[in-house]
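File shown here: data.cif, holding mmCIF, N, CA and C atoms.
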```cif
data_coords
loop_
_atom_site.label_atom_id
_atom_site.label_comp_id
_atom_site.auth_asym_id
_atom_site.auth_seq_id
_atom_site.Cartn_x
_atom_site.Cartn_y
_atom_site.Cartn_z
N MET X 291 14.57 64.59 37.73
CA MET X 291 13.21 65.10 37.81
C MET X 291 13.27 66.52 38.36
N THR X 292 12.54 67.43 37.73
CA THR X 292 12.51 68.82 38.13
C THR X 292 11.41 69.05 39.16
N ALA X 293 11.76 69.78 40.21
CA ALA X 293 10.76 70.09 41.24
C ALA X 293 9.77 71.11 40.69
N VAL X 294 8.52 70.96 41.08
CA VAL X 294 7.48 71.90 40.67
C VAL X 294 7.49 73.06 41.65
N THR X 295 7.59 74.26 41.11
CA THR X 295 7.54 75.46 41.94
C THR X 295 6.11 75.91 42.04
N GLU X 296 5.62 75.99 43.26
CA GLU X 296 4.24 76.41 43.47
C GLU X 296 4.13 77.91 43.34
N VAL X 297 3.22 78.37 42.51
CA VAL X 297 2.99 79.79 42.31
C VAL X 297 2.09 80.30 43.42
N GLN X 298 2.48 81.42 44.01
CA GLN X 298 1.65 82.01 45.05
C GLN X 298 0.56 82.86 44.38
N PRO X 299 -0.69 82.54 44.65
CA PRO X 299 -1.78 83.30 44.02
C PRO X 299 -1.77 84.76 44.45
N GLN X 300 -2.18 85.61 43.53
CA GLN X 300 -2.34 87.03 43.82
C GLN X 300 -3.41 87.21 44.89
N PRO X 301 -3.38 88.34 45.61
CA PRO X 301 -4.40 88.57 46.65
C PRO X 301 -5.84 88.44 46.15
N LYS X 302 -6.14 88.95 44.97
CA LYS X 302 -7.52 88.85 44.45
C LYS X 302 -7.88 87.40 44.15
N VAL X 303 -6.91 86.62 43.72
CA VAL X 303 -7.16 85.20 43.45
C VAL X 303 -7.39 84.47 44.77
N LYS X 304 -6.58 84.76 45.77
CA LYS X 304 -6.78 84.15 47.10
C LYS X 304 -8.16 84.49 47.65
N GLU X 305 -8.55 85.75 47.50
CA GLU X 305 -9.87 86.18 48.00
C GLU X 305 -10.98 85.41 47.28
N PHE X 306 -10.86 85.30 45.97
CA PHE X 306 -11.86 84.59 45.17
C PHE X 306 -11.96 83.12 45.61
N LEU X 307 -10.80 82.49 45.77
CA LEU X 307 -10.79 81.07 46.12
C LEU X 307 -11.24 80.81 47.55
N SER X 308 -11.11 81.80 48.42
CA SER X 308 -11.49 81.60 49.82
C SER X 308 -12.99 81.67 50.06
N SER X 309 -13.73 82.23 49.10
CA SER X 309 -15.18 82.31 49.27
C SER X 309 -15.84 81.14 48.55
N THR X 310 -16.97 80.71 49.08
CA THR X 310 -17.70 79.63 48.42
C THR X 310 -18.28 80.18 47.12
N GLY X 311 -18.00 79.49 46.03
CA GLY X 311 -18.50 79.91 44.73
C GLY X 311 -20.02 79.94 44.70
N LYS X 312 -20.53 80.89 43.99
CA LYS X 312 -21.98 81.02 43.84
C LYS X 312 -22.33 81.03 42.37
N LEU X 313 -23.61 81.01 42.10
CA LEU X 313 -24.14 81.03 40.74
C LEU X 313 -24.62 82.45 40.42
N LEU X 314 -24.35 82.91 39.22
CA LEU X 314 -24.84 84.23 38.80
C LEU X 314 -26.17 84.02 38.09
N ILE X 315 -27.25 84.39 38.77
CA ILE X 315 -28.59 84.22 38.22
C ILE X 315 -29.34 85.53 38.39
N ASN X 316 -29.84 86.04 37.30
CA ASN X 316 -30.63 87.28 37.31
C ASN X 316 -29.84 88.45 37.90
N GLY X 317 -28.55 88.48 37.57
CA GLY X 317 -27.71 89.58 38.01
C GLY X 317 -27.27 89.52 39.46
N GLU X 318 -27.54 88.41 40.14
CA GLU X 318 -27.17 88.27 41.55
C GLU X 318 -26.38 86.99 41.76
N TRP X 319 -25.39 87.06 42.66
CA TRP X 319 -24.65 85.87 43.05
C TRP X 319 -25.45 85.16 44.13
N VAL X 320 -25.86 83.93 43.85
CA VAL X 320 -26.70 83.18 44.79
C VAL X 320 -26.13 81.78 45.01
N ALA X 321 -26.43 81.24 46.18
CA ALA X 321 -26.08 79.85 46.47
C ALA X 321 -26.98 78.94 45.64
N ALA X 322 -26.54 77.72 45.43
CA ALA X 322 -27.40 76.74 44.77
C ALA X 322 -28.65 76.55 45.62
N ARG X 323 -29.78 76.35 44.97
CA ARG X 323 -31.04 76.20 45.72
C ARG X 323 -30.99 75.05 46.71
N SER X 324 -30.26 74.02 46.36
CA SER X 324 -30.13 72.86 47.25
C SER X 324 -29.18 73.14 48.41
N GLY X 325 -28.38 74.20 48.27
CA GLY X 325 -27.36 74.49 49.28
C GLY X 325 -26.10 73.66 49.11
N ARG X 326 -26.12 72.76 48.14
CA ARG X 326 -24.98 71.86 47.93
C ARG X 326 -23.82 72.60 47.26
N THR X 327 -22.62 72.15 47.59
CA THR X 327 -21.39 72.62 46.95
C THR X 327 -20.54 71.40 46.61
N PHE X 328 -19.52 71.62 45.84
CA PHE X 328 -18.52 70.57 45.61
C PHE X 328 -17.15 71.22 45.62
N ALA X 329 -16.17 70.42 45.98
CA ALA X 329 -14.79 70.92 46.02
C ALA X 329 -14.16 70.79 44.65
N THR X 330 -13.30 71.74 44.33
CA THR X 330 -12.49 71.65 43.13
C THR X 330 -11.04 71.66 43.57
N TYR X 331 -10.20 70.89 42.88
CA TYR X 331 -8.83 70.66 43.32
C TYR X 331 -7.81 71.11 42.27
N ASP X 332 -6.67 71.54 42.75
CA ASP X 332 -5.53 71.91 41.91
C ASP X 332 -4.92 70.61 41.39
N PRO X 333 -4.94 70.36 40.07
CA PRO X 333 -4.41 69.09 39.56
C PRO X 333 -2.89 68.96 39.74
N ALA X 334 -2.19 70.07 39.92
CA ALA X 334 -0.74 70.00 40.10
C ALA X 334 -0.35 69.55 41.50
N THR X 335 -1.14 69.93 42.49
CA THR X 335 -0.78 69.63 43.88
C THR X 335 -1.77 68.69 44.56
N GLY X 336 -2.97 68.60 44.01
CA GLY X 336 -4.02 67.81 44.65
C GLY X 336 -4.69 68.55 45.79
N GLY X 337 -4.23 69.77 46.07
CA GLY X 337 -4.81 70.56 47.15
C GLY X 337 -6.15 71.15 46.75
N LYS X 338 -7.01 71.30 47.74
CA LYS X 338 -8.33 71.89 47.49
C LYS X 338 -8.18 73.36 47.15
N LEU X 339 -8.82 73.78 46.07
CA LEU X 339 -8.82 75.18 45.67
C LEU X 339 -9.98 75.94 46.28
N ALA X 340 -11.17 75.40 46.11
CA ALA X 340 -12.37 76.13 46.53
C ALA X 340 -13.57 75.20 46.58
N ASP X 341 -14.61 75.70 47.23
CA ASP X 341 -15.91 75.05 47.18
C ASP X 341 -16.76 75.84 46.19
N VAL X 342 -17.46 75.12 45.34
CA VAL X 342 -18.24 75.71 44.26
C VAL X 342 -19.70 75.31 44.40
N ALA X 343 -20.60 76.24 44.11
CA ALA X 343 -22.03 75.93 44.16
C ALA X 343 -22.35 74.79 43.19
N HIS X 344 -23.14 73.85 43.65
CA HIS X 344 -23.53 72.69 42.84
C HIS X 344 -24.89 72.98 42.20
N GLY X 345 -24.85 73.64 41.05
CA GLY X 345 -26.09 73.96 40.35
C GLY X 345 -26.78 72.71 39.84
N GLU X 346 -28.08 72.68 40.01
CA GLU X 346 -28.88 71.56 39.56
C GLU X 346 -30.00 72.07 38.66
N ALA X 347 -30.93 71.21 38.29
CA ALA X 347 -31.98 71.55 37.34
C ALA X 347 -32.75 72.82 37.75
N ALA X 348 -33.09 72.96 39.02
CA ALA X 348 -33.85 74.14 39.46
C ALA X 348 -33.04 75.43 39.26
N ASP X 349 -31.73 75.35 39.49
CA ASP X 349 -30.87 76.51 39.29
C ASP X 349 -30.76 76.86 37.81
N ILE X 350 -30.63 75.83 37.00
CA ILE X 350 -30.52 76.04 35.56
C ILE X 350 -31.83 76.62 35.02
N ASP X 351 -32.95 76.10 35.47
CA ASP X 351 -34.24 76.63 35.05
C ASP X 351 -34.38 78.11 35.43
N ALA X 352 -33.96 78.46 36.64
CA ALA X 352 -34.03 79.86 37.09
C ALA X 352 -33.13 80.75 36.24
N ALA X 353 -31.94 80.26 35.91
CA ALA X 353 -31.02 81.03 35.09
C ALA X 353 -31.57 81.23 33.67
N VAL X 354 -32.16 80.19 33.11
CA VAL X 354 -32.74 80.29 31.77
C VAL X 354 -33.93 81.26 31.77
N ARG X 355 -34.78 81.18 32.80
CA ARG X 355 -35.91 82.12 32.89
C ARG X 355 -35.42 83.56 32.99
N ALA X 356 -34.38 83.79 33.80
CA ALA X 356 -33.83 85.14 33.96
C ALA X 356 -33.23 85.63 32.65
N ALA X 357 -32.51 84.76 31.97
CA ALA X 357 -31.90 85.15 30.69
C ALA X 357 -32.98 85.46 29.66
N ARG X 358 -34.02 84.66 29.61
CA ARG X 358 -35.10 84.89 28.65
C ARG X 358 -35.80 86.21 28.97
N ALA X 359 -36.05 86.48 30.25
CA ALA X 359 -36.72 87.73 30.64
C ALA X 359 -35.85 88.94 30.26
N ALA X 360 -34.55 88.83 30.46
CA ALA X 360 -33.65 89.94 30.09
C ALA X 360 -33.62 90.10 28.58
N PHE X 361 -33.58 88.99 27.87
CA PHE X 361 -33.51 89.04 26.41
C PHE X 361 -34.79 89.65 25.83
N ASP X 362 -35.93 89.22 26.34
CA ASP X 362 -37.20 89.73 25.84
C ASP X 362 -37.52 91.12 26.39
N GLY X 363 -36.91 91.48 27.50
CA GLY X 363 -37.18 92.76 28.15
C GLY X 363 -36.16 93.83 27.81
N PRO X 364 -35.34 94.22 28.77
CA PRO X 364 -34.42 95.35 28.59
C PRO X 364 -33.47 95.20 27.40
N TRP X 365 -32.92 94.01 27.22
CA TRP X 365 -31.95 93.80 26.13
C TRP X 365 -32.60 94.08 24.78
N SER X 366 -33.84 93.64 24.60
CA SER X 366 -34.50 93.80 23.30
C SER X 366 -34.81 95.26 22.98
N ARG X 367 -34.84 96.10 24.01
CA ARG X 367 -35.15 97.52 23.79
C ARG X 367 -33.90 98.39 23.58
N LEU X 368 -32.73 97.79 23.76
CA LEU X 368 -31.50 98.54 23.54
C LEU X 368 -31.24 98.71 22.05
N LYS X 369 -30.69 99.83 21.69
CA LYS X 369 -30.26 100.03 20.31
C LYS X 369 -29.04 99.15 20.06
N SER X 370 -28.81 98.80 18.82
CA SER X 370 -27.70 97.88 18.51
C SER X 370 -26.36 98.44 18.98
N ASN X 371 -26.16 99.75 18.86
CA ASN X 371 -24.87 100.30 19.31
C ASN X 371 -24.74 100.24 20.84
N GLN X 372 -25.85 100.27 21.56
CA GLN X 372 -25.81 100.13 23.01
C GLN X 372 -25.45 98.69 23.40
N ARG X 373 -26.04 97.73 22.68
CA ARG X 373 -25.69 96.32 22.93
C ARG X 373 -24.21 96.08 22.60
N GLU X 374 -23.77 96.67 21.50
CA GLU X 374 -22.37 96.52 21.10
C GLU X 374 -21.44 97.03 22.20
N ARG X 375 -21.73 98.19 22.75
CA ARG X 375 -20.88 98.75 23.80
C ARG X 375 -20.83 97.83 25.02
N LEU X 376 -21.96 97.25 25.39
CA LEU X 376 -21.99 96.34 26.53
C LEU X 376 -21.17 95.07 26.27
N ILE X 377 -21.32 94.51 25.08
CA ILE X 377 -20.57 93.31 24.74
C ILE X 377 -19.08 93.61 24.68
N TRP X 378 -18.71 94.74 24.09
CA TRP X 378 -17.30 95.13 24.05
C TRP X 378 -16.78 95.32 25.47
N ARG X 379 -17.59 95.86 26.37
CA ARG X 379 -17.16 96.09 27.75
C ARG X 379 -16.81 94.76 28.42
N ILE X 380 -17.57 93.71 28.13
CA ILE X 380 -17.24 92.39 28.67
C ILE X 380 -15.84 91.99 28.22
N GLY X 381 -15.56 92.16 26.94
CA GLY X 381 -14.24 91.85 26.41
C GLY X 381 -13.15 92.68 27.08
N ASP X 382 -13.44 93.96 27.27
CA ASP X 382 -12.46 94.85 27.94
C ASP X 382 -12.20 94.39 29.37
N LEU X 383 -13.26 94.03 30.09
CA LEU X 383 -13.11 93.58 31.47
C LEU X 383 -12.30 92.28 31.55
N LEU X 384 -12.55 91.36 30.62
CA LEU X 384 -11.76 90.14 30.57
C LEU X 384 -10.28 90.46 30.34
N SER X 385 -10.01 91.34 29.40
CA SER X 385 -8.62 91.71 29.11
C SER X 385 -7.97 92.42 30.28
N GLU X 386 -8.70 93.31 30.93
CA GLU X 386 -8.16 94.04 32.09
C GLU X 386 -7.81 93.10 33.23
N ARG X 387 -8.54 92.01 33.35
CA ARG X 387 -8.33 91.08 34.45
C ARG X 387 -7.72 89.76 33.98
N ALA X 388 -7.08 89.79 32.83
CA ALA X 388 -6.55 88.57 32.21
C ALA X 388 -5.56 87.85 33.12
N GLU X 389 -4.74 88.57 33.83
CA GLU X 389 -3.75 87.92 34.69
C GLU X 389 -4.45 87.17 35.83
N ILE X 390 -5.46 87.79 36.41
CA ILE X 390 -6.19 87.15 37.51
C ILE X 390 -6.95 85.93 37.01
N PHE X 391 -7.74 86.10 35.94
CA PHE X 391 -8.49 84.97 35.40
C PHE X 391 -7.55 83.87 34.93
N GLY X 392 -6.42 84.26 34.35
CA GLY X 392 -5.45 83.27 33.88
C GLY X 392 -4.89 82.46 35.04
N GLN X 393 -4.63 83.12 36.16
CA GLN X 393 -4.10 82.40 37.31
C GLN X 393 -5.15 81.43 37.88
N VAL X 394 -6.38 81.87 37.97
CA VAL X 394 -7.44 80.98 38.46
C VAL X 394 -7.60 79.79 37.51
N GLU X 395 -7.61 80.05 36.22
CA GLU X 395 -7.75 78.97 35.23
C GLU X 395 -6.58 78.00 35.31
N SER X 396 -5.39 78.52 35.50
CA SER X 396 -4.21 77.68 35.62
C SER X 396 -4.30 76.78 36.84
N LEU X 397 -4.70 77.34 37.97
CA LEU X 397 -4.84 76.55 39.18
C LEU X 397 -5.92 75.48 39.03
N ASP X 398 -6.99 75.82 38.32
CA ASP X 398 -8.12 74.90 38.18
C ASP X 398 -7.83 73.75 37.24
N ASN X 399 -7.05 74.00 36.16
CA ASN X 399 -6.88 72.92 35.19
C ASN X 399 -5.44 72.49 34.95
N GLY X 400 -4.47 73.17 35.58
CA GLY X 400 -3.10 72.71 35.52
C GLY X 400 -2.28 73.21 34.35
N LYS X 401 -2.88 74.01 33.47
CA LYS X 401 -2.08 74.52 32.36
C LYS X 401 -1.24 75.70 32.83
N SER X 402 -0.30 76.10 32.03
CA SER X 402 0.56 77.22 32.39
C SER X 402 -0.27 78.49 32.56
N ALA X 403 0.08 79.29 33.56
CA ALA X 403 -0.64 80.54 33.81
C ALA X 403 -0.52 81.48 32.62
N THR X 404 0.62 81.47 31.95
CA THR X 404 0.81 82.34 30.78
C THR X 404 -0.13 81.94 29.66
N ILE X 405 -0.22 80.65 29.38
CA ILE X 405 -1.13 80.17 28.33
C ILE X 405 -2.57 80.48 28.71
N ALA X 406 -2.93 80.22 29.96
CA ALA X 406 -4.30 80.49 30.41
C ALA X 406 -4.62 81.98 30.29
N GLN X 407 -3.65 82.82 30.58
CA GLN X 407 -3.88 84.27 30.49
C GLN X 407 -3.97 84.72 29.04
N VAL X 408 -2.98 84.38 28.24
CA VAL X 408 -2.90 84.90 26.88
C VAL X 408 -3.92 84.23 25.95
N VAL X 409 -3.98 82.92 26.01
CA VAL X 409 -4.86 82.21 25.07
C VAL X 409 -6.30 82.20 25.56
N ASP X 410 -6.53 81.68 26.75
CA ASP X 410 -7.91 81.52 27.22
C ASP X 410 -8.59 82.85 27.50
N THR X 411 -7.96 83.65 28.34
CA THR X 411 -8.63 84.86 28.82
C THR X 411 -8.59 86.00 27.81
N GLU X 412 -7.42 86.32 27.30
CA GLU X 412 -7.34 87.45 26.36
C GLU X 412 -8.05 87.15 25.05
N TRP X 413 -7.96 85.90 24.58
CA TRP X 413 -8.71 85.56 23.37
C TRP X 413 -10.20 85.59 23.62
N ALA X 414 -10.62 85.18 24.80
CA ALA X 414 -12.05 85.27 25.14
C ALA X 414 -12.51 86.72 25.06
N GLY X 415 -11.68 87.64 25.57
CA GLY X 415 -12.01 89.06 25.45
C GLY X 415 -12.14 89.49 24.00
N ASP X 416 -11.22 88.99 23.17
CA ASP X 416 -11.27 89.32 21.74
C ASP X 416 -12.55 88.80 21.08
N VAL X 417 -13.01 87.63 21.52
CA VAL X 417 -14.24 87.07 20.96
C VAL X 417 -15.41 88.02 21.19
N PHE X 418 -15.49 88.58 22.38
CA PHE X 418 -16.59 89.54 22.66
C PHE X 418 -16.44 90.79 21.82
N ARG X 419 -15.22 91.20 21.49
CA ARG X 419 -15.04 92.40 20.67
C ARG X 419 -15.12 92.09 19.18
N TRP X 420 -15.12 90.84 18.80
CA TRP X 420 -15.20 90.46 17.39
C TRP X 420 -16.63 90.58 16.96
#
```
Whole structure, C-alpha cells version:
Amino acid sequence: MTAVTEVQPQPKVKEFLSSTGKLLINGEWVAARSGRTFATYDPATGGKLADVAHGEAADIDAAVRAARAAFDGPWSRLKSNQRERLIWRIGDLLSERAEIFGQVESLDNGKSATIAQVVDTEWAGDVFRW
C-alpha cells in the first residue's frame, strides 16, 4: 500500500480556507441570513477544510432578486462588446488563478490537483471565452 502524501496548500489557499465562507449576493460577500454554516471536509484525510455559509431559501431569493435587478438594469444597458469583455475577463481571471482554484477543488473533492486545475478550472475559463 502506498502512503498518501499530503499536499501543503499555498498561502492563498490557506487564507481562503481559514475564513468562514460567505455568499456572494448583489456584489457583496455576506453571511447566510440565518447565520448558519456547515463544515466541509477533505475526503482524502477526513480533516475539516472550512466552514461554509449555509444558504437557505431567503438567501437564494435575495440572490435571484439581485441578479434580476442587475440583468434588467446595468447589464441590459451595456453594449454587446462591453458584455463580451466582462465575460472574457471572468475566463481570464479563472485561468490566472487556475492553480489556486485547482488546489481548493482538489482538497474539496479528492481529485488530483492537476486534473482539477487543468480540466475543471482552465476549461471553465475557456467556457467563458467561448
Reference answer for the PyMOL selection byres ((chain X and resi 315-320) around 8), as an MDAnalysis selection string: chainID X and resid 311:314 321:323 343 349 352:357
If the PyMOL selection byres ((chain X and resi 376-381) around 6.5) is run on the structure shown, which residues does it catch, given as a CSV table (one decimal) with N, CA and C atoms, in the frame of the given file?
```csv
chain,number,residue,atom,x,y,z
X,371,ASN,N,-26.2,99.8,18.9
X,371,ASN,CA,-24.9,100.3,19.3
X,371,ASN,C,-24.7,100.2,20.8
X,372,GLN,N,-25.8,100.3,21.6
X,372,GLN,CA,-25.8,100.1,23.0
X,372,GLN,C,-25.4,98.7,23.4
X,373,ARG,N,-26.0,97.7,22.7
X,373,ARG,CA,-25.7,96.3,22.9
X,373,ARG,C,-24.2,96.1,22.6
X,374,GLU,N,-23.8,96.7,21.5
X,374,GLU,CA,-22.4,96.5,21.1
X,374,GLU,C,-21.4,97.0,22.2
X,375,ARG,N,-21.7,98.2,22.8
X,375,ARG,CA,-20.9,98.8,23.8
X,375,ARG,C,-20.8,97.8,25.0
X,382,ASP,N,-13.4,94.0,27.3
X,382,ASP,CA,-12.5,94.8,27.9
X,382,ASP,C,-12.2,94.4,29.4
X,383,LEU,N,-13.3,94.0,30.1
X,383,LEU,CA,-13.1,93.6,31.5
X,383,LEU,C,-12.3,92.3,31.6
X,384,LEU,N,-12.6,91.4,30.6
X,384,LEU,CA,-11.8,90.1,30.6
X,384,LEU,C,-10.3,90.5,30.3
X,385,SER,N,-10.0,91.3,29.4
X,385,SER,CA,-8.6,91.7,29.1
X,385,SER,C,-8.0,92.4,30.3
X,386,GLU,N,-8.7,93.3,30.9
X,386,GLU,CA,-8.2,94.0,32.1
X,386,GLU,C,-7.8,93.1,33.2
X,414,ALA,N,-10.6,85.2,24.8
X,414,ALA,CA,-12.0,85.3,25.1
X,414,ALA,C,-12.5,86.7,25.1
X,415,GLY,N,-11.7,87.6,25.6
X,415,GLY,CA,-12.0,89.1,25.4
X,415,GLY,C,-12.1,89.5,24.0
X,416,ASP,N,-11.2,89.0,23.2
X,416,ASP,CA,-11.3,89.3,21.7
X,416,ASP,C,-12.6,88.8,21.1
X,418,PHE,N,-15.5,88.6,22.4
X,418,PHE,CA,-16.6,89.5,22.7
X,418,PHE,C,-16.4,90.8,21.8
X,419,ARG,N,-15.2,91.2,21.5
X,419,ARG,CA,-15.0,92.4,20.7
X,419,ARG,C,-15.1,92.1,19.2
```
So the first atom is atom N of Phe361 in chain X and the second is CA of Glu346 in chain X; what is the distance between them in Å, to one decimal place?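 Separating atom N of Phe361 in chain X from CA of Glu346 in chain X is a distance of 21.5 Å.
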Rounded to one decimal, what separation in Å do you get between CA of Phe306 in chain X and CA of Thr404 in chain X? 19.3 Å
Would you kindly return, as a list in words, each protein, DNA or RNA residue with an atom no farther than 8 Å from any atom of Lys302 in chain X, considering only N, CA and C atoms and excluding same-chain residues fewer than 5 positions away? Leu307, Ser308 and Ile390 of chain X
Please measure the separation of atom N of Ala360 in chain X and atom C of Gly345 in chain X, giving the value in Å to one decimal. 20.2 Å
Counting only N, CA and C atoms, which of X:Leu339, X:Pro299, X:Gly325, X:Gly363 gets nearest to Gln393 in chain X? X:Pro299
Which residue out of X:Ser366, X:Val417, X:Asp398, X:Ile350 has the minimum interatomic distance to Tyr331 in chain X when all atoms listed in the file are used?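 Among the listed residues, X:Asp398 lies closest to Tyr331 in chain X.
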Could you go through range 338-381 of chain X and tell me which residues DSSP, when run on the backbone, assigns to alpha helix (DSSP H), listing them as a compact mmCIF listing (two decimals) with N, CA and C atoms, in the frame of the given file?
```
# COMPACT_ATOMS: atom_id res chain seq x y z
N ALA X 347 -30.93 71.21 38.29
CA ALA X 347 -31.98 71.55 37.34
C ALA X 347 -32.75 72.82 37.75
N ALA X 348 -33.09 72.96 39.02
CA ALA X 348 -33.85 74.14 39.46
C ALA X 348 -33.04 75.43 39.26
N ASP X 349 -31.73 75.35 39.49
CA ASP X 349 -30.87 76.51 39.29
C ASP X 349 -30.76 76.86 37.81
N ILE X 350 -30.63 75.83 37.00
CA ILE X 350 -30.52 76.04 35.56
C ILE X 350 -31.83 76.62 35.02
N ASP X 351 -32.95 76.10 35.47
CA ASP X 351 -34.24 76.63 35.05
C ASP X 351 -34.38 78.11 35.43
N ALA X 352 -33.96 78.46 36.64
CA ALA X 352 -34.03 79.86 37.09
C ALA X 352 -33.13 80.75 36.24
N ALA X 353 -31.94 80.26 35.91
CA ALA X 353 -31.02 81.03 35.09
C ALA X 353 -31.57 81.23 33.67
N VAL X 354 -32.16 80.19 33.11
CA VAL X 354 -32.74 80.29 31.77
C VAL X 354 -33.93 81.26 31.77
N ARG X 355 -34.78 81.18 32.80
CA ARG X 355 -35.91 82.12 32.89
C ARG X 355 -35.42 83.56 32.99
N ALA X 356 -34.38 83.79 33.80
CA ALA X 356 -33.83 85.14 33.96
C ALA X 356 -33.23 85.63 32.65
N ALA X 357 -32.51 84.76 31.97
CA ALA X 357 -31.90 85.15 30.69
C ALA X 357 -32.98 85.46 29.66
N ARG X 358 -34.02 84.66 29.61
CA ARG X 358 -35.10 84.89 28.65
C ARG X 358 -35.80 86.21 28.97
N ALA X 359 -36.05 86.48 30.25
CA ALA X 359 -36.72 87.73 30.64
C ALA X 359 -35.85 88.94 30.26
N ALA X 360 -34.55 88.83 30.46
CA ALA X 360 -33.65 89.94 30.09
C ALA X 360 -33.62 90.10 28.58
N SER X 366 -33.84 93.64 24.60
CA SER X 366 -34.50 93.80 23.30
C SER X 366 -34.81 95.26 22.98
N ARG X 367 -34.84 96.10 24.01
CA ARG X 367 -35.15 97.52 23.79
C ARG X 367 -33.90 98.39 23.58
N SER X 370 -28.81 98.80 18.82
CA SER X 370 -27.70 97.88 18.51
C SER X 370 -26.36 98.44 18.98
N ASN X 371 -26.16 99.75 18.86
CA ASN X 371 -24.87 100.30 19.31
C ASN X 371 -24.74 100.24 20.84
N GLN X 372 -25.85 100.27 21.56
CA GLN X 372 -25.81 100.13 23.01
C GLN X 372 -25.45 98.69 23.40
N ARG X 373 -26.04 97.73 22.68
CA ARG X 373 -25.69 96.32 22.93
C ARG X 373 -24.21 96.08 22.60
N GLU X 374 -23.77 96.67 21.50
CA GLU X 374 -22.37 96.52 21.10
C GLU X 374 -21.44 97.03 22.20
N ARG X 375 -21.73 98.19 22.75
CA ARG X 375 -20.88 98.75 23.80
C ARG X 375 -20.83 97.83 25.02
N LEU X 376 -21.96 97.25 25.39
CA LEU X 376 -21.99 96.34 26.53
C LEU X 376 -21.17 95.07 26.27
N ILE X 377 -21.32 94.51 25.08
CA ILE X 377 -20.57 93.31 24.74
C ILE X 377 -19.08 93.61 24.68
N TRP X 378 -18.71 94.74 24.09
CA TRP X 378 -17.30 95.13 24.05
C TRP X 378 -16.78 95.32 25.47
N ARG X 379 -17.59 95.86 26.37
CA ARG X 379 -17.16 96.09 27.75
C ARG X 379 -16.81 94.76 28.42
N ILE X 380 -17.57 93.71 28.13
CA ILE X 380 -17.24 92.39 28.67
C ILE X 380 -15.84 91.99 28.22
N GLY X 381 -15.56 92.16 26.94
CA GLY X 381 -14.24 91.85 26.41
C GLY X 381 -13.15 92.68 27.08
```
List the residues selected by the PyMOL selection byres (((chain X and resi 406 and name CA) around 8) and name CA) in the file shown, writing them as a ChimeraX atom specification. /X:391-393,395-396,401-405,407-411
From chain X, collect each residue whose DSSP state is strand (DSSP E or B) and return the set as a ChimeraX atom specification. /X:313-315,318-320,327-331,338-343
Within-6.5 Å shell of (-5.6, 67.0, 36.8) in input frame, all atoms listed in the file, as a ChimeraX atom specification: /X:332-334,399-400
Output N, CA and C atoms for every residue in the selection just made, as an mmCIF file, in the coordinates of the input.
```cif
data_model
loop_
_atom_site.group_PDB
_atom_site.id
_atom_site.type_symbol
_atom_site.label_atom_id
_atom_site.label_comp_id
_atom_site.auth_asym_id
_atom_site.auth_seq_id
_atom_site.Cartn_x
_atom_site.Cartn_y
_atom_site.Cartn_z
ATOM 1 N N ASP X 332 -6.670 71.540 42.750
ATOM 2 C CA ASP X 332 -5.530 71.910 41.910
ATOM 3 C C ASP X 332 -4.920 70.610 41.390
ATOM 4 N N PRO X 333 -4.940 70.360 40.070
ATOM 5 C CA PRO X 333 -4.410 69.090 39.560
ATOM 6 C C PRO X 333 -2.890 68.960 39.740
ATOM 7 N N ALA X 334 -2.190 70.070 39.920
ATOM 8 C CA ALA X 334 -0.740 70.000 40.100
ATOM 9 C C ALA X 334 -0.350 69.550 41.500
ATOM 10 N N ASN X 399 -7.050 74.000 36.160
ATOM 11 C CA ASN X 399 -6.880 72.920 35.190
ATOM 12 C C ASN X 399 -5.440 72.490 34.950
ATOM 13 N N GLY X 400 -4.470 73.170 35.580
ATOM 14 C CA GLY X 400 -3.100 72.710 35.520
ATOM 15 C C GLY X 400 -2.280 73.210 34.350
#
```
